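Notes follow the structure.
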Amino acid sequence: MVSILSIGKATQDVFLRDEEFNPHTRGKVAYEELPLGAKIDIAEAFFSSGGNATNVAVTFARQGLNSRYLWALGHDPASNAVMNDLDHENVDTSLVALHDGLRASYSTVLLAPSGERTILNFTGKTPEISDVERLLEKAPSADWVYPTAVGSFETLEVILNWATDHGARVMLNPGGSELADPAKLKSILPEVDVLCLNKEEMQTLVEGENIEELVRHGLNICPVVIVSDGPNGVCASDGKTIISAGMYEDVPVLDRTGAGDAFASGFLSQWSQGKSLRESVVFASANSTSVVTKIGAKAGILSEGVALHDMPLEEKDI
Ligand SMILES: Nc1ncnc2c1ncn2[C@@H]1O[C@H](COP(=O)(O)OP(=O)(O)OP(=O)(O)O)[C@@H](O)[C@H]1O
Ligand SMILES: [Mg+2]
């Protein structure tokens, strides 16, 4: 069975949805305003764990793969909620250390009826690079490693070295801290087997007006490159063929949290099992489309064996 080790930050997300949340524009900026001192009854409160690495670990587990999560968390309610979710989803959490003083992130997401959202985020207290090093020393090898939002660039380098030493292949869909310095990010890409980014992120790394140009330029650095552009579709190539795909389904978007994670992990869940580029792109698209129709980053993640349909997709030799 294919094994995938996911590494990176975890959060607890609380989604509050109500008609009262009503963003309005002043100048060029849209605001959400709440009256000071008021107690506002909310129509719906939805709790979900998040954090890119825990989201992707759940896709891998629901697709029947050996999915392991490595990170250090605390004894705070947000860390407990993340651990409960992952255990419930059959993600192997034996490589999660629990340290006093560490805290998972905590986000309150105010969802307006329009689908727009305002997020109040507490970053938490994330592990030091030495904590991650100690955990990796204990980690059995894996077929693939998927680091994302690991806190610092140096931590990412430690993980990539571990992957090289253990013969694990790497998929990278970088999170916030890894995207902060494009030159540094570019320098480590030769160690990455599958790179997945959205259009704006890819434009910080290579030249290209459209996603196909970006993918073609990305192939000079990485063997498999995928560039997504939200509802406008996606382009992917393994250096042999290149696929341009549209939307899997034109769905009403309830909450787009986790769309990128569902796409990238959906791709790897199939690619790692030897499925074709086309099959991997179709499943990635179906997984991400399902996620945006549900509140939270994990609720819509597809389970093994779900029936897929065709989608607008063109594949040509490179
Ligand atoms: N409005 C939508 N309707 C249908 N599918 C969508 C929509 N938005 C995103 N998706 C799906 O999610 C995939 C990834 O979305 P996107 O390109 O926005 O990634 P991202 O910017 O990395 O997202 P994130 O902010 O989660 O990191 C798309 O390729 C598409 O399959
Ligand atoms: Mg993304």
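Numbering starts fresh at 1 for the residues of each chain in the structure tokens, the chains themselves are lettered A, B, ... in the order given, and ligands are numbered from 1 as they appear.
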
Give the strand (DSSP E or B) residues of range 33-91 of chain A, as assigned by DSSP on the backbone, as a PyMOL selection string. chain A and resi 44-50+66-73

Write the residues you've just listed into a file as an mmCIF file, in the first residue's frame, and include N, CA and C atoms for each of them.
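Output saved as part-v3.cif:
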data_model
loop_
_atom_site.group_PDB
_atom_site.id
_atom_site.type_symbol
_atom_site.label_atom_id
_atom_site.label_comp_id
_atom_site.auth_asym_id
_atom_site.auth_seq_id
_atom_site.Cartn_x
_atom_site.Cartn_y
_atom_site.Cartn_z
ATOM 1 N N GLU A 44 -25.645 29.481 12.333
ATOM 2 C CA GLU A 44 -24.967 28.191 12.235
ATOM 3 C C GLU A 44 -23.528 28.287 12.713
ATOM 4 N N ALA A 45 -23.091 27.323 13.528
ATOM 5 C CA ALA A 45 -21.685 27.235 13.949
ATOM 6 C C ALA A 45 -21.190 25.853 13.570
ATOM 7 N N PHE A 46 -20.059 25.810 12.860
ATOM 8 C CA PHE A 46 -19.556 24.544 12.336
ATOM 9 C C PHE A 46 -18.080 24.429 12.699
ATOM 10 N N PHE A 47 -17.704 23.356 13.359
ATOM 11 C CA PHE A 47 -16.310 23.153 13.781
ATOM 12 C C PHE A 47 -15.625 22.180 12.834
ATOM 13 N N SER A 48 -14.397 22.519 12.460
ATOM 14 C CA SER A 48 -13.658 21.620 11.572
ATOM 15 C C SER A 48 -12.177 21.790 11.847
ATOM 16 N N SER A 49 -11.430 20.717 11.734
ATOM 17 C CA SER A 49 -9.991 20.923 11.819
ATOM 18 C C SER A 49 -9.484 21.349 10.456
ATOM 19 N N GLY A 50 -8.365 22.051 10.456
ATOM 20 C CA GLY A 50 -7.781 22.521 9.209
ATOM 21 C C GLY A 50 -6.264 22.519 9.315
ATOM 22 N N ASN A 66 -1.946 4.553 3.063
ATOM 23 C CA ASN A 66 -1.351 4.598 4.393
ATOM 24 C C ASN A 66 -0.940 6.051 4.643
ATOM 25 N N SER A 67 -1.766 6.776 5.386
ATOM 26 C CA SER A 67 -1.588 8.218 5.563
ATOM 27 C C SER A 67 -1.091 8.508 6.966
ATOM 28 N N ARG A 68 0.113 9.114 7.044
ATOM 29 C CA ARG A 68 0.696 9.459 8.340
ATOM 30 C C ARG A 68 0.849 10.968 8.433
ATOM 31 N N TYR A 69 0.678 11.476 9.641
ATOM 32 C CA TYR A 69 0.841 12.914 9.883
ATOM 33 C C TYR A 69 1.934 13.103 10.918
ATOM 34 N N LEU A 70 2.866 14.018 10.649
ATOM 35 C CA LEU A 70 3.965 14.290 11.581
ATOM 36 C C LEU A 70 3.947 15.768 11.951
ATOM 37 N N TRP A 71 3.914 16.054 13.244
ATOM 38 C CA TRP A 71 3.957 17.443 13.728
ATOM 39 C C TRP A 71 4.005 17.415 15.242
ATOM 40 N N ALA A 72 4.228 18.543 15.852
ATOM 41 C CA ALA A 72 4.130 18.624 17.309
ATOM 42 C C ALA A 72 3.005 19.581 17.662
ATOM 43 N N LEU A 73 2.137 19.127 18.543
ATOM 44 C CA LEU A 73 0.989 19.919 18.985
ATOM 45 C C LEU A 73 1.037 20.055 20.499
#

Going by DSSP on the backbone, which bits of range 56-153 of chain A are alpha helix (DSSP H)? Write them as a VMD selection string, please. chain A and resid 56 to 62 77 to 88 129 to 138 153

What's around Ser105 in chain A at 6 Å? Count only C-alpha atoms, leave out sequence neighbours fewer than 6 positions away in its own chain, and write the answer as an MDAnalysis selection string. chainID A and resid 11 122:124

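Minimum distance to ligand 2 across A:Gly296, A:Gly305, A:Gly175, A:Pro182 (counting only C-alpha atoms and all ligand atoms) occurs at A:Gly175.
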
Let me make sure I understand: among A:Met171, A:Val56, A:Ala259, A:Ile7, which one has the smallest atom-to-atom distance to ligand 2 if we use only C-alpha atoms and all ligand atoms? A:Ala259

Find the residues of chain A that sit at most 8 Å from ligand 1; for each, write down the nearest two atoms and how far apart they are in Å, to one decimal. Count only C-alpha atoms and all ligand atoms. Sort by chain, then by number going up, and give it as CSV.
residue,atom,partner,partner_atom_place_in_ligand_line,distance
A:Asn173,CA,ligand 1,22 (O),7.9
A:Gly175,CA,ligand 1,27 (O),7.7
A:Leu197,CA,ligand 1,22 (O),6.0
A:Asn198,CA,ligand 1,22 (O),4.8
A:Lys199,CA,ligand 1,17 (O),7.2
A:Val227,CA,ligand 1,17 (O),7.5
A:Ser228,CA,ligand 1,17 (O),4.0
A:Asp229,CA,ligand 1,17 (O),3.9
A:Gly230,CA,ligand 1,17 (O),3.4
A:Pro231,CA,ligand 1,7 (C),4.3
A:Asn232,CA,ligand 1,29 (O),7.5
A:Gly233,CA,ligand 1,29 (O),5.2
A:Val234,CA,ligand 1,29 (O),5.2
A:Gly246,CA,ligand 1,31 (O),7.9
A:Met247,CA,ligand 1,4 (C),5.9
A:Tyr248,CA,ligand 1,31 (O),6.5
A:Glu249,CA,ligand 1,4 (C),6.1
A:Asp250,CA,ligand 1,4 (C),5.7
A:Val251,CA,ligand 1,3 (N),5.6
A:Pro252,CA,ligand 1,3 (N),7.1
A:Val253,CA,ligand 1,1 (N),5.7
A:Arg256,CA,ligand 1,8 (N),6.4
A:Thr257,CA,ligand 1,26 (O),5.5
A:Gly258,CA,ligand 1,26 (O),4.4
A:Ala259,CA,ligand 1,26 (O),4.1
A:Gly260,CA,ligand 1,26 (O),3.5
A:Asp261,CA,ligand 1,26 (O),5.8
A:Ala262,CA,ligand 1,12 (O),7.1
A:Phe263,CA,ligand 1,13 (C),5.2
A:Ala264,CA,ligand 1,14 (C),7.8
A:Ala284,CA,ligand 1,31 (O),6.8
A:Ser285,CA,ligand 1,31 (O),4.0
A:Ala286,CA,ligand 1,31 (O),6.8
A:Asn287,CA,ligand 1,31 (O),7.6
A:Ser288,CA,ligand 1,12 (O),4.5
A:Thr289,CA,ligand 1,5 (N),4.1
A:Ser290,CA,ligand 1,5 (N),7.7
A:Val292,CA,ligand 1,6 (C),6.5

Print the selection's residues with N, CA, C and O atoms to a file, as a short mmCIF file (atom, residue, chain, number, x, y, z; two decimals), in the first residue's frame.
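And here is the file that came out, result-v2.cif:
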data_model
loop_
_atom_site.label_atom_id
_atom_site.label_comp_id
_atom_site.auth_asym_id
_atom_site.auth_seq_id
_atom_site.Cartn_x
_atom_site.Cartn_y
_atom_site.Cartn_z
N ASN A 173 3.12 21.72 -2.36
CA ASN A 173 2.10 22.74 -2.60
C ASN A 173 2.33 23.72 -1.44
O ASN A 173 1.75 23.60 -0.39
N GLY A 175 2.86 26.46 1.46
CA GLY A 175 1.97 27.33 2.22
C GLY A 175 2.65 28.67 2.46
O GLY A 175 3.73 28.93 1.92
N LEU A 197 0.89 24.62 -7.70
CA LEU A 197 0.73 25.99 -7.24
C LEU A 197 -0.45 26.62 -7.95
O LEU A 197 -0.88 26.13 -9.00
N ASN A 198 -0.96 27.72 -7.42
CA ASN A 198 -1.95 28.45 -8.21
C ASN A 198 -1.21 29.45 -9.12
O ASN A 198 -0.01 29.62 -9.03
N LYS A 199 -1.97 30.08 -10.00
CA LYS A 199 -1.36 30.91 -11.04
C LYS A 199 -0.50 32.04 -10.46
O LYS A 199 0.65 32.23 -10.86
N VAL A 227 -0.57 23.79 -12.38
CA VAL A 227 -0.90 25.18 -12.02
C VAL A 227 -2.41 25.34 -12.12
O VAL A 227 -3.01 25.09 -13.18
N SER A 228 -3.03 25.77 -11.01
CA SER A 228 -4.49 25.92 -10.98
C SER A 228 -4.86 27.40 -11.01
O SER A 228 -4.07 28.26 -10.63
N ASP A 229 -6.07 27.65 -11.47
CA ASP A 229 -6.56 29.03 -11.53
C ASP A 229 -8.04 29.06 -11.13
O ASP A 229 -8.89 29.51 -11.90
N GLY A 230 -8.31 28.56 -9.93
CA GLY A 230 -9.67 28.60 -9.39
C GLY A 230 -10.69 28.04 -10.37
O GLY A 230 -10.43 27.02 -11.02
N PRO A 231 -11.83 28.72 -10.52
CA PRO A 231 -12.87 28.21 -11.41
C PRO A 231 -12.49 28.28 -12.90
O PRO A 231 -13.18 27.74 -13.75
N ASN A 232 -11.34 28.93 -13.21
CA ASN A 232 -10.92 29.01 -14.63
C ASN A 232 -10.20 27.77 -15.11
O ASN A 232 -9.83 27.70 -16.29
N GLY A 233 -9.95 26.82 -14.21
CA GLY A 233 -9.37 25.56 -14.66
C GLY A 233 -7.93 25.38 -14.25
O GLY A 233 -7.39 26.13 -13.42
N VAL A 234 -7.31 24.37 -14.85
CA VAL A 234 -6.00 23.93 -14.39
C VAL A 234 -5.20 23.41 -15.58
O VAL A 234 -5.77 22.98 -16.58
N GLY A 246 -10.92 22.25 -17.60
CA GLY A 246 -11.82 23.30 -17.13
C GLY A 246 -12.36 22.94 -15.76
O GLY A 246 -11.69 22.30 -14.95
N MET A 247 -13.59 23.35 -15.51
CA MET A 247 -14.22 23.06 -14.23
C MET A 247 -14.82 21.66 -14.25
O MET A 247 -15.42 21.27 -15.25
N TYR A 248 -14.71 20.95 -13.16
CA TYR A 248 -15.32 19.61 -13.06
C TYR A 248 -16.83 19.72 -13.06
O TYR A 248 -17.53 18.98 -13.75
N GLU A 249 -17.32 20.67 -12.28
CA GLU A 249 -18.77 20.96 -12.23
C GLU A 249 -18.92 22.43 -11.85
O GLU A 249 -18.13 22.93 -11.06
N ASP A 250 -19.92 23.08 -12.37
CA ASP A 250 -20.18 24.46 -12.00
C ASP A 250 -21.11 24.44 -10.78
O ASP A 250 -22.32 24.40 -10.91
N VAL A 251 -20.50 24.41 -9.60
CA VAL A 251 -21.27 24.20 -8.37
C VAL A 251 -21.46 25.52 -7.62
O VAL A 251 -20.67 26.45 -7.77
N PRO A 252 -22.51 25.60 -6.79
CA PRO A 252 -22.60 26.76 -5.89
C PRO A 252 -21.53 26.64 -4.80
O PRO A 252 -21.43 25.61 -4.14
N VAL A 253 -20.69 27.67 -4.67
CA VAL A 253 -19.59 27.61 -3.70
C VAL A 253 -20.10 28.07 -2.33
O VAL A 253 -20.55 29.20 -2.18
N ARG A 256 -14.81 28.18 0.18
CA ARG A 256 -13.70 27.67 -0.63
C ARG A 256 -12.46 27.27 0.18
O ARG A 256 -11.43 26.90 -0.38
N THR A 257 -12.58 27.29 1.52
CA THR A 257 -11.46 26.83 2.35
C THR A 257 -11.09 25.40 1.97
O THR A 257 -11.95 24.53 1.90
N GLY A 258 -9.80 25.18 1.72
CA GLY A 258 -9.34 23.82 1.45
C GLY A 258 -9.39 23.41 -0.02
O GLY A 258 -9.03 22.27 -0.34
N ALA A 259 -9.80 24.31 -0.92
CA ALA A 259 -9.89 23.94 -2.34
C ALA A 259 -8.53 23.52 -2.88
O ALA A 259 -8.39 22.47 -3.53
N GLY A 260 -7.52 24.34 -2.60
CA GLY A 260 -6.17 24.04 -3.09
C GLY A 260 -5.63 22.73 -2.50
O GLY A 260 -5.01 21.93 -3.20
N ASP A 261 -5.87 22.52 -1.22
CA ASP A 261 -5.41 21.27 -0.58
C ASP A 261 -6.10 20.06 -1.20
O ASP A 261 -5.46 19.03 -1.44
N ALA A 262 -7.39 20.17 -1.43
CA ALA A 262 -8.15 19.04 -1.98
C ALA A 262 -7.67 18.73 -3.40
O ALA A 262 -7.60 17.56 -3.80
N PHE A 263 -7.32 19.77 -4.13
CA PHE A 263 -6.84 19.55 -5.49
C PHE A 263 -5.49 18.83 -5.46
O PHE A 263 -5.30 17.78 -6.09
N ALA A 264 -4.54 19.41 -4.72
CA ALA A 264 -3.18 18.86 -4.71
C ALA A 264 -3.16 17.43 -4.15
O ALA A 264 -2.53 16.54 -4.71
N ALA A 284 -8.50 15.01 -8.87
CA ALA A 284 -8.14 16.24 -8.13
C ALA A 284 -9.24 17.28 -8.29
O ALA A 284 -9.66 17.94 -7.33
N SER A 285 -9.74 17.41 -9.51
CA SER A 285 -10.78 18.40 -9.80
C SER A 285 -12.08 18.03 -9.08
O SER A 285 -12.76 18.89 -8.51
N ALA A 286 -12.43 16.75 -9.13
CA ALA A 286 -13.66 16.30 -8.46
C ALA A 286 -13.55 16.52 -6.95
O ALA A 286 -14.50 16.98 -6.30
N ASN A 287 -12.38 16.22 -6.39
CA ASN A 287 -12.19 16.36 -4.94
C ASN A 287 -12.31 17.82 -4.51
O ASN A 287 -13.01 18.14 -3.54
N SER A 288 -11.67 18.72 -5.25
CA SER A 288 -11.70 20.13 -4.86
C SER A 288 -13.08 20.73 -5.09
O SER A 288 -13.56 21.55 -4.29
N THR A 289 -13.75 20.31 -6.15
CA THR A 289 -15.10 20.82 -6.41
C THR A 289 -16.05 20.38 -5.29
O THR A 289 -16.90 21.16 -4.84
N SER A 290 -15.87 19.16 -4.83
CA SER A 290 -16.72 18.67 -3.74
C SER A 290 -16.46 19.47 -2.46
O SER A 290 -17.40 19.82 -1.72
N VAL A 292 -15.52 22.60 -2.04
CA VAL A 292 -16.06 23.97 -1.99
C VAL A 292 -17.58 24.01 -1.81
O VAL A 292 -18.14 25.07 -1.53
#

Could you give me, as a list in words, the residues within 10 Å of Val2 in chain A, counting only C-alpha atoms and dropping anything in the same chain fewer than 2 positions from it?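 Residues near the query, excluding close chain neighbours: Ile4, Phe60, Gly64, Leu65, Asn66, Ser67, Ala142, Asp143, Trp144, Ser269, Ser272, Gln273 and Gly274 of chain A.
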
For the residues in that selection, give me all heavy atoms as a tab-separated table (two decimals), in the first residue's frame.
chain	number	residue	atom	x	y	z
A	4	ILE	N	2.11	7.81	2.53
A	4	ILE	CA	2.38	9.24	2.37
A	4	ILE	C	2.47	9.90	3.74
A	4	ILE	O	1.58	9.72	4.58
A	4	ILE	CB	1.29	9.93	1.52
A	4	ILE	CG1	1.06	9.18	0.20
A	4	ILE	CG2	1.68	11.41	1.25
A	4	ILE	CD1	0.12	9.85	-0.77
A	60	PHE	N	-5.70	11.47	1.67
A	60	PHE	CA	-4.95	10.22	1.47
A	60	PHE	C	-5.62	9.07	2.23
A	60	PHE	O	-5.74	7.96	1.71
A	60	PHE	CB	-3.49	10.39	1.91
A	60	PHE	CG	-2.77	11.53	1.21
A	60	PHE	CD1	-1.88	12.36	1.89
A	60	PHE	CD2	-3.00	11.77	-0.14
A	60	PHE	CE1	-1.23	13.41	1.24
A	60	PHE	CE2	-2.36	12.82	-0.81
A	60	PHE	CZ	-1.48	13.64	-0.11
A	64	GLY	N	-7.84	5.42	0.95
A	64	GLY	CA	-7.37	4.08	1.30
A	64	GLY	C	-5.85	3.95	1.35
A	64	GLY	O	-5.33	2.84	1.40
A	65	LEU	N	-5.12	5.05	1.35
A	65	LEU	CA	-3.65	4.97	1.41
A	65	LEU	C	-3.20	4.94	2.87
A	65	LEU	O	-3.96	5.27	3.78
A	65	LEU	CB	-3.03	6.17	0.69
A	65	LEU	CG	-3.52	6.42	-0.74
A	65	LEU	CD1	-2.80	7.61	-1.36
A	65	LEU	CD2	-3.34	5.18	-1.60
A	66	ASN	N	-1.95	4.55	3.06
A	66	ASN	CA	-1.35	4.60	4.39
A	66	ASN	C	-0.94	6.05	4.64
A	66	ASN	O	0.08	6.50	4.14
A	66	ASN	CB	-0.15	3.64	4.42
A	66	ASN	CG	0.59	3.68	5.74
A	66	ASN	OD1	0.41	4.60	6.55
A	66	ASN	ND2	1.44	2.71	5.95
A	67	SER	N	-1.77	6.78	5.39
A	67	SER	CA	-1.59	8.22	5.56
A	67	SER	C	-1.09	8.51	6.97
A	67	SER	O	-1.76	8.20	7.95
A	67	SER	CB	-2.93	8.92	5.32
A	67	SER	OG	-2.83	10.30	5.58
A	142	ALA	N	8.74	6.61	3.80
A	142	ALA	CA	7.43	6.64	3.15
A	142	ALA	C	7.67	6.72	1.65
A	142	ALA	O	8.75	7.12	1.21
A	142	ALA	CB	6.64	7.86	3.63
A	143	ASP	N	6.66	6.33	0.87
A	143	ASP	CA	6.81	6.45	-0.59
A	143	ASP	C	6.86	7.92	-0.99
A	143	ASP	O	7.59	8.32	-1.88
A	143	ASP	CB	5.64	5.76	-1.30
A	143	ASP	CG	5.63	4.27	-1.01
A	143	ASP	OD1	6.68	3.64	-1.20
A	143	ASP	OD2	4.59	3.76	-0.55
A	144	TRP	N	6.02	8.73	-0.31
A	144	TRP	CA	5.94	10.15	-0.63
A	144	TRP	C	5.94	10.95	0.66
A	144	TRP	O	5.40	10.50	1.68
A	144	TRP	CB	4.63	10.46	-1.38
A	144	TRP	CG	4.66	10.01	-2.80
A	144	TRP	CD1	4.36	8.75	-3.26
A	144	TRP	CD2	4.99	10.80	-3.95
A	144	TRP	NE1	4.49	8.72	-4.62
A	144	TRP	CE2	4.87	9.96	-5.08
A	144	TRP	CE3	5.38	12.12	-4.14
A	144	TRP	CZ2	5.12	10.41	-6.37
A	144	TRP	CZ3	5.63	12.57	-5.43
A	144	TRP	CH2	5.50	11.71	-6.54
A	269	SER	N	-3.06	11.48	-4.50
A	269	SER	CA	-3.68	10.21	-4.07
A	269	SER	C	-3.81	9.25	-5.25
A	269	SER	O	-3.78	8.03	-5.06
A	269	SER	CB	-5.05	10.47	-3.42
A	269	SER	OG	-6.00	10.89	-4.39
A	272	SER	N	0.28	8.75	-7.05
A	272	SER	CA	1.15	7.88	-6.25
A	272	SER	C	0.79	6.41	-6.45
A	272	SER	O	1.59	5.53	-6.17
A	272	SER	CB	1.04	8.24	-4.76
A	272	SER	OG	-0.28	7.98	-4.30
A	273	GLN	N	-0.44	6.14	-6.91
A	273	GLN	CA	-0.87	4.75	-7.14
A	273	GLN	C	-0.65	4.33	-8.59
A	273	GLN	O	-1.16	3.31	-9.02
A	273	GLN	CB	-2.34	4.58	-6.79
A	273	GLN	CG	-2.68	4.87	-5.34
A	273	GLN	CD	-4.13	4.53	-5.03
A	273	GLN	OE1	-4.50	3.37	-4.94
A	273	GLN	NE2	-4.96	5.55	-4.89
A	274	GLY	N	0.04	5.18	-9.35
A	274	GLY	CA	0.35	4.83	-10.73
A	274	GLY	C	-0.75	5.16	-11.72
A	274	GLY	O	-0.70	4.73	-12.88

Test item: residues at most 10 Å from Pro77 in chain A, only C-alpha atoms, excluding those fewer than 4 positions along its chain, as a PyMOL selection string: chain A and resi 12+81-83+103-104+106

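By chain and then residue number, the residues within 8 Å of Lys9 in chain A are A:Gly51, A:Asn52, A:Ala53, A:Thr54, A:Trp71, A:Ala104, A:Ser105, A:Thr126, A:Thr148, A:Ala149, A:Val150, A:Gly151, counting only C-alpha atoms and disregarding those fewer than 3 positions away in sequence.
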
Would you write out those residues with C-alpha atoms, as a PDB file, in the first residue's frame?
ATOM      1  CA  GLY A  51      -4.193  23.265   8.340  1.00  0.00           C
ATOM      2  CA  ASN A  52      -2.964  22.235   4.893  1.00  0.00           C
ATOM      3  CA  ALA A  53      -1.112  19.124   6.066  1.00  0.00           C
ATOM      4  CA  THR A  54      -4.026  17.695   8.064  1.00  0.00           C
ATOM      5  CA  TRP A  71       3.957  17.443  13.728  1.00  0.00           C
ATOM      6  CA  ALA A 104      -2.500  24.576  17.306  1.00  0.00           C
ATOM      7  CA  SER A 105      -3.772  27.600  15.390  1.00  0.00           C
ATOM      8  CA  THR A 126       4.306  25.914  16.470  1.00  0.00           C
ATOM      9  CA  THR A 148       3.302  22.291   3.643  1.00  0.00           C
ATOM     10  CA  ALA A 149       3.180  25.292   5.976  1.00  0.00           C
ATOM     11  CA  VAL A 150       6.026  23.853   8.052  1.00  0.00           C
ATOM     12  CA  GLY A 151       6.791  27.181   9.745  1.00  0.00           C
TER      13      GLY A 151
END

Proximity to ligand 2 - best of A:Leu254, A:Leu268, A:Ile318, A:Leu172, only C-alpha atoms and all ligand atoms: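 Of A:Leu254, A:Leu268, A:Ile318, A:Leu172, the one nearest ligand 2 is A:Leu172, counting only C-alpha atoms and all ligand atoms.
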
Proximity to Ser265 in chain A - best of A:Asn55, A:Asn161, A:Ser3, A:Ser237, only C-alpha atoms: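 Using only C-alpha atoms, the shortest distance to Ser265 in chain A belongs to A:Asn55.
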
Pick from A:Lys294, A:His309, A:Lys28, A:Arg17 nearest to Pro113 in chain A, counting only C-alpha atoms: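 Among the listed residues, A:Arg17 lies closest to Pro113 in chain A.
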
So that I can see what lies close to Ala112 in chain A, please list as a PyMOL selection string the residues with an atom at most 8 Å from it, counting only C-alpha atoms and leaving out residues fewer than 5 positions away in the same chain. chain A and resi 17-23+117

Once you have the residues from the selection above, write them out as an mmCIF file, in the first residue's frame, restricted to C-alpha atoms.
data_model
loop_
_atom_site.group_PDB
_atom_site.id
_atom_site.type_symbol
_atom_site.label_atom_id
_atom_site.label_comp_id
_atom_site.auth_asym_id
_atom_site.auth_seq_id
_atom_site.Cartn_x
_atom_site.Cartn_y
_atom_site.Cartn_z
ATOM 1 C CA ARG A 17 -22.617 31.699 9.238
ATOM 2 C CA ASP A 18 -25.423 34.214 9.414
ATOM 3 C CA GLU A 19 -27.463 36.598 7.275
ATOM 4 C CA GLU A 20 -26.241 39.361 9.612
ATOM 5 C CA PHE A 21 -22.728 39.062 8.182
ATOM 6 C CA ASN A 22 -23.036 41.527 5.386
ATOM 7 C CA PRO A 23 -19.843 42.821 3.819
ATOM 8 C CA ARG A 117 -15.516 35.539 4.501
#

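Of the residues under consideration (A:Lys184, A:Ala307, A:Pro223, A:Glu178), A:Glu178 shows the shortest atom-to-atom contact distance to ligand 2 when counting only C-alpha atoms and all ligand atoms.
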
One decimal, in Å: what's the spacing between CA of Leu5 in chain A and CA of Val145 in chain A?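 Atom-to-atom, CA of Leu5 in chain A to CA of Val145 in chain A, that is 4.7 Å.
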